[in-house]
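Asker: One structure, pasted below without further comment.
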Number of protein chains: 2
Amino acid sequence: MDTNAAGMAEPIDFRHHLTADGGRICARMICRTLDLIANKWAVPIILTLAAARQQRPDRPMRFSELSRALPLITQKELTKQLRSLEAAGLVGRHVHAAVPPRVEYWLTDLGVSLRPVLDALGRWSAENGPAMAANLQQKQDAVAAAE
Amino acid sequence: MDTNAAGMAEPIDFRHHLTADGGRICARMICRTLDLIANKWAVPIILTLAAARQQRPDRPMRFSELSRALPLITQKELTKQLRSLEAAGLVGRHVHAAVPPRVEYWLTDLGVSLRPVLDALGRWSAENGPAMAANLQQKQDAVAAAE
DNA sequence: CTGAATCCTTTGTGATACTG
DNA sequence: CAGTATCACAAAGGATTCAG
């Protein structure tokens with residue numbers, strides 16, 4: 001029956017929620033962005049390219065440089081992530097037709113524009129990561145005690 | 001040989017990059033947060049709970065309310081996500097021992113503190129989503145034309 | 001009403017070897 | 001050097017059924 005004697009029970013439209021500053025954000029849009037950057041290696045890759053661009057704006061990074069900077073990622077994953085970031089326009093790619101092959105990657109302006117967002121995420125994580133870890137620990141302890 | 005005649009080629013430590021404001025952020029921390037909120041339904045759930053808390057701070061949301069507000073999520077996923085958010089301390093949960101059962105969920109203060117970050121993500125997505133979509137379209141067209 | 005349990009498909013990720 | 005191809009495995013997510 002869905003009665004709402006105590007007040008509103010109408011379904012909340014999750015696609016549009018007021019932001020703190022009165023603007024509007026859309027969960028679907030956020031999720032689309034998250035899909036892009038929420039895999040295991042996208043953020044490290046973006047930050048690495050960002051650092052390189054900051055240190056030497058003139059010269060992009062070669063594939064092998066990225067590979068050395070991120071020693072744990074496999075070539076396959078690195079390639080895949082770079083391709084998907086390139087498709088979205090966050091990363092630029094240039095192939096030099098030469099022997100040996102030489103492919104360069106750089107963070108585009110669009111990619112750079114994402115940095116403040118990552119910074120915000122990083123600050124929140126730094127501030128609240130410990131609290132979250134403590135919470136997780138508590139739950140685990142509770143589970144362990146129950147056994 | 002990794003020569004660096006033209007300048008530094010030393011591997012970049014991707015764990016620490018300077019932020020725009022001179023602080024430090026850590027890719028690992030960002031990734032840990034992303035692991036939490038980067039699944040298909042975490043953001044919609046958080047925003048829904050946030051909206052509810054804003055509209056009626058006194059009364060949490062029942063499981064069935066959440067389910068109605070997010071019609072496309074399966075019960076299994078909703079339960080799983082709520083549990084994981086609860087474990088991290090972003091969501092509170094209270095079981096009323098009654099028949100019929102009644103379980104309430106609400107966004108904790110920690111959860112609320114995440115909103116500015118989501119807002120930043122949302123704003124960036126709203127601003128740059130169209131550009132990204134255009135880029136993706138271009139690539140797809142290029143692929144289609146090559147066939 | 002609020003889940004838990006089960007089965008199933010899709011996707012993500014990694015290891016390894018091979019190539020222009 | 002910068003990939004591609006292949007295999008394998010784990011995790012995510014969905015559909016359905018059952019239970020207190």
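Scheme for the structure tokens: letters A, B, ... for chains in order shown; per-chain residue numbers from 1; ligand numbers from 1 in order shown.
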Write down as a list in words the residues belonging to chain A that are assigned strand (DSSP E or B) by DSSP computed on the backbone.
Answerer: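 Output for chain A, strand (DSSP E or B) only: His17, Leu18, Arg24, Ile25, Met61, Arg62, Val91, Gly92, Arg93, His94, Val95, His96, Arg102, Val103, Glu104, Tyr105, Trp106 and Leu107 of chain A.
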Asker: Considering only C-alpha atoms (C1' of nucleotides), give me a table of residues in chain B that are at most 12 Å from chain C, with the closest atom pair and distance in Å for each, as a tab-separated table.
Answerer:
residue	atom	partner	partner_atom	distance
B:Arg62	CA	C:DT2	C1'	9.8
B:Phe63	CA	C:DT2	C1'	7.4
B:Ser64	CA	C:DC1	C1'	7.8
B:Glu65	CA	C:DC1	C1'	11.2
B:Ser67	CA	C:DT2	C1'	11.0
B:Thr74	CA	C:DG3	C1'	11.7
B:Gln75	CA	C:DG3	C1'	8.1
B:Lys76	CA	C:DG3	C1'	8.2
B:Glu77	CA	C:DG3	C1'	11.2
B:Leu78	CA	C:DG3	C1'	10.3
B:Thr79	CA	C:DG3	C1'	7.6
B:Lys80	CA	C:DG3	C1'	10.4
B:Arg83	CA	C:DG3	C1'	11.8
B:Val95	CA	C:DT2	C1'	10.0
B:His96	CA	C:DT2	C1'	11.1
B:Ala97	CA	C:DT2	C1'	11.7
B:Ala98	CA	C:DC1	C1'	10.2
B:Val99	CA	C:DC1	C1'	8.3
B:Pro100	CA	C:DC1	C1'	5.6
B:Pro101	CA	C:DC1	C1'	5.4
B:Arg102	CA	C:DC1	C1'	6.7
B:Val103	CA	C:DT2	C1'	7.4
B:Glu104	CA	C:DT2	C1'	10.5
Asker: Export C-alpha atoms of the chosen residues as a compact mmCIF listing (two decimals), in the first residue's frame?
Answerer:
# COMPACT_ATOMS: atom_id res chain seq x y z
CA ARG B 62 14.00 1.20 5.23
CA PHE B 63 15.40 -1.48 3.02
CA SER B 64 12.27 -1.53 0.94
CA GLU B 65 12.37 2.21 0.51
CA SER B 67 14.76 -0.79 -3.08
CA THR B 74 18.83 -6.44 -7.33
CA GLN B 75 18.20 -7.25 -3.70
CA LYS B 76 21.38 -9.20 -3.55
CA GLU B 77 23.47 -6.31 -4.76
CA LEU B 78 21.69 -3.82 -2.53
CA THR B 79 22.35 -5.99 0.48
CA LYS B 80 25.96 -6.52 -0.46
CA ARG B 83 27.03 -4.25 4.04
CA VAL B 95 17.56 -3.99 12.91
CA HIS B 96 14.22 -3.75 14.68
CA ALA B 97 13.39 -7.12 16.17
CA ALA B 98 9.81 -7.24 15.08
CA VAL B 99 7.41 -8.96 12.76
CA PRO B 100 7.50 -8.06 9.97
CA PRO B 101 11.22 -7.42 10.06
CA ARG B 102 12.31 -3.85 9.73
CA VAL B 103 15.83 -2.75 8.95
CA GLU B 104 16.85 0.86 8.65
Asker: What are the closest atom pairs, with distances in Å to one decimal, for each residue of chain A lying within 7 Å of chain B, using only C-alpha atoms, rows by chain and rising residue number, as a tab-separated table?
Answerer:
residue	atom	partner	partner_atom	distance
A:Pro11	CA	B:Ala69	CA	4.7
A:Ile12	CA	B:Ala69	CA	5.0
A:Asp13	CA	B:Ala69	CA	6.5
A:Phe14	CA	B:Thr48	CA	5.6
A:His17	CA	B:Ala51	CA	6.6
A:Thr19	CA	B:Asp119	CA	6.2
A:Ile25	CA	B:Gly122	CA	5.2
A:Cys26	CA	B:Gly122	CA	6.4
A:Ala27	CA	B:Pro44	CA	5.7
A:Met29	CA	B:Ser125	CA	5.8
A:Ile30	CA	B:Gly122	CA	5.2
A:Thr33	CA	B:Ser125	CA	6.3
A:Leu34	CA	B:Ala38	CA	5.8
A:Ala38	CA	B:Ala38	CA	5.7
A:Val43	CA	B:Ala27	CA	6.5
A:Pro44	CA	B:Ala27	CA	5.8
A:Leu47	CA	B:Phe14	CA	6.7
A:Thr48	CA	B:Phe14	CA	5.6
A:Ala51	CA	B:His17	CA	6.7
A:Arg68	CA	B:Pro11	CA	6.1
A:Ala69	CA	B:Pro11	CA	4.6
A:Ala87	CA	B:Leu136	CA	5.3
A:Ala88	CA	B:Met132	CA	5.0
A:Gly89	CA	B:Asn135	CA	5.8
A:Val117	CA	B:Ala120	CA	6.0
A:Asp119	CA	B:Thr19	CA	6.2
A:Ala120	CA	B:Val117	CA	6.0
A:Leu121	CA	B:Val117	CA	6.1
A:Gly122	CA	B:Ile30	CA	5.2
A:Arg123	CA	B:Ile25	CA	6.6
A:Ser125	CA	B:Met29	CA	5.8
A:Ala126	CA	B:Met29	CA	6.8
A:Met132	CA	B:Ala88	CA	5.0
A:Asn135	CA	B:Ala88	CA	5.7
A:Leu136	CA	B:Ala87	CA	5.4
A:Lys139	CA	B:Ala87	CA	6.4
Asker: The selected residues should be written to file as an mmCIF file, in the first residue's frame (atoms: N, CA and C atoms).
Answerer:
data_model
loop_
_atom_site.group_PDB
_atom_site.id
_atom_site.type_symbol
_atom_site.label_atom_id
_atom_site.label_comp_id
_atom_site.auth_asym_id
_atom_site.auth_seq_id
_atom_site.Cartn_x
_atom_site.Cartn_y
_atom_site.Cartn_z
ATOM 1 N N PRO A 11 9.063 7.612 -4.127
ATOM 2 C CA PRO A 11 10.399 7.161 -4.494
ATOM 3 C C PRO A 11 11.310 8.333 -4.835
ATOM 4 N N ILE A 12 12.523 8.270 -4.360
ATOM 5 C CA ILE A 12 13.491 9.326 -4.614
ATOM 6 C C ILE A 12 14.145 9.099 -5.967
ATOM 7 N N ASP A 13 14.162 10.133 -6.753
ATOM 8 C CA ASP A 13 14.818 10.027 -8.049
ATOM 9 C C ASP A 13 16.322 10.140 -7.837
ATOM 10 N N PHE A 14 17.002 9.038 -7.929
ATOM 11 C CA PHE A 14 18.426 9.044 -7.583
ATOM 12 C C PHE A 14 19.268 9.706 -8.650
ATOM 13 N N HIS A 17 20.265 14.836 -7.543
ATOM 14 C CA HIS A 17 20.290 15.217 -6.139
ATOM 15 C C HIS A 17 20.923 16.588 -6.033
ATOM 16 N N THR A 19 23.277 19.353 -4.912
ATOM 17 C CA THR A 19 24.613 19.422 -4.334
ATOM 18 C C THR A 19 24.585 20.423 -3.200
ATOM 19 N N ILE A 25 23.824 17.309 -9.636
ATOM 20 C CA ILE A 25 24.742 16.305 -10.127
ATOM 21 C C ILE A 25 23.939 15.074 -10.484
ATOM 22 N N CYS A 26 24.545 14.223 -11.252
ATOM 23 C CA CYS A 26 23.818 13.074 -11.764
ATOM 24 C C CYS A 26 24.609 11.815 -11.458
ATOM 25 N N ALA A 27 23.964 10.882 -10.776
ATOM 26 C CA ALA A 27 24.655 9.666 -10.371
ATOM 27 C C ALA A 27 25.176 8.908 -11.591
ATOM 28 N N MET A 29 26.231 10.091 -14.404
ATOM 29 C CA MET A 29 27.461 10.710 -14.907
ATOM 30 C C MET A 29 28.639 10.359 -14.033
ATOM 31 N N ILE A 30 28.433 10.452 -12.725
ATOM 32 C CA ILE A 30 29.516 10.097 -11.812
ATOM 33 C C ILE A 30 29.957 8.666 -12.076
ATOM 34 N N THR A 33 32.144 8.299 -15.094
ATOM 35 C CA THR A 33 33.522 8.706 -14.822
ATOM 36 C C THR A 33 34.228 7.657 -13.979
ATOM 37 N N LEU A 34 33.505 7.142 -12.986
ATOM 38 C CA LEU A 34 34.125 6.134 -12.136
ATOM 39 C C LEU A 34 34.518 4.905 -12.946
ATOM 40 N N ALA A 38 38.195 3.819 -12.265
ATOM 41 C CA ALA A 38 38.096 2.974 -11.083
ATOM 42 C C ALA A 38 38.659 1.582 -11.294
ATOM 43 N N VAL A 43 44.347 5.288 -12.075
ATOM 44 C CA VAL A 43 44.793 6.417 -11.262
ATOM 45 C C VAL A 43 46.314 6.497 -11.202
ATOM 46 N N PRO A 44 47.010 5.400 -10.897
ATOM 47 C CA PRO A 44 48.464 5.485 -10.940
ATOM 48 C C PRO A 44 49.002 5.955 -12.289
ATOM 49 N N LEU A 47 48.343 9.738 -12.599
ATOM 50 C CA LEU A 47 49.224 10.529 -11.737
ATOM 51 C C LEU A 47 50.655 10.505 -12.240
ATOM 52 N N THR A 48 51.073 9.368 -12.768
ATOM 53 C CA THR A 48 52.430 9.291 -13.307
ATOM 54 C C THR A 48 52.592 10.227 -14.493
ATOM 55 N N ALA A 51 52.642 13.808 -13.275
ATOM 56 C CA ALA A 51 53.933 14.193 -12.701
ATOM 57 C C ALA A 51 54.946 14.463 -13.807
ATOM 58 N N ARG A 68 58.456 1.296 -16.545
ATOM 59 C CA ARG A 68 59.438 1.296 -15.459
ATOM 60 C C ARG A 68 58.914 2.040 -14.238
ATOM 61 N N ALA A 69 58.140 3.095 -14.491
ATOM 62 C CA ALA A 69 57.605 3.869 -13.376
ATOM 63 C C ALA A 69 56.547 3.079 -12.611
ATOM 64 N N ALA A 87 40.946 6.733 -25.604
ATOM 65 C CA ALA A 87 39.618 6.794 -26.232
ATOM 66 C C ALA A 87 38.762 7.870 -25.589
ATOM 67 N N ALA A 88 38.923 8.053 -24.283
ATOM 68 C CA ALA A 88 38.130 9.051 -23.583
ATOM 69 C C ALA A 88 38.701 10.455 -23.770
ATOM 70 N N GLY A 89 39.923 10.531 -24.300
ATOM 71 C CA GLY A 89 40.518 11.836 -24.536
ATOM 72 C C GLY A 89 41.343 12.362 -23.385
ATOM 73 N N VAL A 117 40.018 16.861 -9.034
ATOM 74 C CA VAL A 117 39.086 15.855 -8.523
ATOM 75 C C VAL A 117 39.851 14.749 -7.809
ATOM 76 N N ASP A 119 42.734 15.049 -6.516
ATOM 77 C CA ASP A 119 43.276 15.633 -5.288
ATOM 78 C C ASP A 119 42.237 15.613 -4.182
ATOM 79 N N ALA A 120 41.008 15.973 -4.534
ATOM 80 C CA ALA A 120 39.936 15.960 -3.538
ATOM 81 C C ALA A 120 39.742 14.545 -2.990
ATOM 82 N N LEU A 121 39.739 13.587 -3.902
ATOM 83 C CA LEU A 121 39.617 12.198 -3.486
ATOM 84 C C LEU A 121 40.780 11.820 -2.569
ATOM 85 N N GLY A 122 41.961 12.255 -2.950
ATOM 86 C CA GLY A 122 43.145 11.915 -2.162
ATOM 87 C C GLY A 122 43.102 12.531 -0.774
ATOM 88 N N ARG A 123 42.665 13.777 -0.707
ATOM 89 C CA ARG A 123 42.599 14.424 0.600
ATOM 90 C C ARG A 123 41.580 13.724 1.483
ATOM 91 N N SER A 125 40.601 10.694 1.297
ATOM 92 C CA SER A 125 41.132 9.378 1.652
ATOM 93 C C SER A 125 42.167 9.494 2.754
ATOM 94 N N ALA A 126 43.000 10.505 2.652
ATOM 95 C CA ALA A 126 44.037 10.676 3.662
ATOM 96 C C ALA A 126 43.423 10.998 5.021
ATOM 97 N N MET A 132 38.156 4.695 8.418
ATOM 98 C CA MET A 132 37.538 3.580 7.720
ATOM 99 C C MET A 132 38.240 2.272 8.057
ATOM 100 N N ASN A 135 37.117 1.132 11.396
ATOM 101 C CA ASN A 135 35.785 0.527 11.310
ATOM 102 C C ASN A 135 35.859 -0.892 10.791
ATOM 103 N N LEU A 136 36.594 -1.076 9.702
ATOM 104 C CA LEU A 136 36.717 -2.400 9.120
ATOM 105 C C LEU A 136 37.316 -3.370 10.125
ATOM 106 N N LYS A 139 34.725 -4.465 12.709
ATOM 107 C CA LYS A 139 33.790 -5.472 12.198
ATOM 108 C C LYS A 139 34.460 -6.835 12.145
#
Asker: Mind running chain D against chain A at 9 Å and telling me each contacting residue's nearest atom pair with the distance in Å (one decimal), counting only C-alpha atoms (C1' of nucleotides), chain and number ascending, as JSON lines?
Answerer:
{"residue": "D:DC1", "atom": "C1'", "partner": "A:Pro101", "partner_atom": "CA", "distance": 5.3}
{"residue": "D:DA2", "atom": "C1'", "partner": "A:Pro101", "partner_atom": "CA", "distance": 6.6}
{"residue": "D:DG3", "atom": "C1'", "partner": "A:Thr79", "partner_atom": "CA", "distance": 7.8}
{"residue": "D:DT4", "atom": "C1'", "partner": "A:Lys76", "partner_atom": "CA", "distance": 8.8}
Asker: If you measure from C1' of DA12 in chain D to CA of Val91 in chain A, what distance in Å do you get, rounded to one decimal?
Answerer: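 Pair C1' of DA12 in chain D / CA of Val91 in chain A returns 27.2 Å.
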Asker: Could you give me, as JSON, numbers by chain, each residue of range 5-146 of chain A that DSSP assigns to alpha helix (DSSP H) when run on this structure's backbone?
Answerer: {"A": [27, 28, 29, 30, 31, 32, 33, 34, 35, 36, 37, 42, 43, 44, 45, 46, 47, 48, 49, 50, 51, 52, 53, 54, 55, 63, 64, 65, 66, 67, 68, 69, 75, 76, 77, 78, 79, 80, 81, 82, 83, 84, 85, 86, 87, 88, 109, 110, 111, 112, 113, 115, 116, 117, 118, 119, 120, 121, 122, 123, 124, 125, 126, 127, 128, 129, 130, 131, 132, 133, 134, 135, 136, 137, 138, 139, 140, 141, 142, 143, 144, 145, 146]}
Asker: To one decimal in Å, tell me the separation between CA of Pro60 in chain A and CA of Leu107 in chain A.
Answerer: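 For CA of Pro60 in chain A relative to CA of Leu107 in chain A, the distance reads 8.3 Å.
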Asker: What is the CA of Ile73 in chain A-CA of Ala142 in chain B distance in Å, reported with one decimal?
Answerer: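 Here the two named atoms are 28.6 Å from each other.
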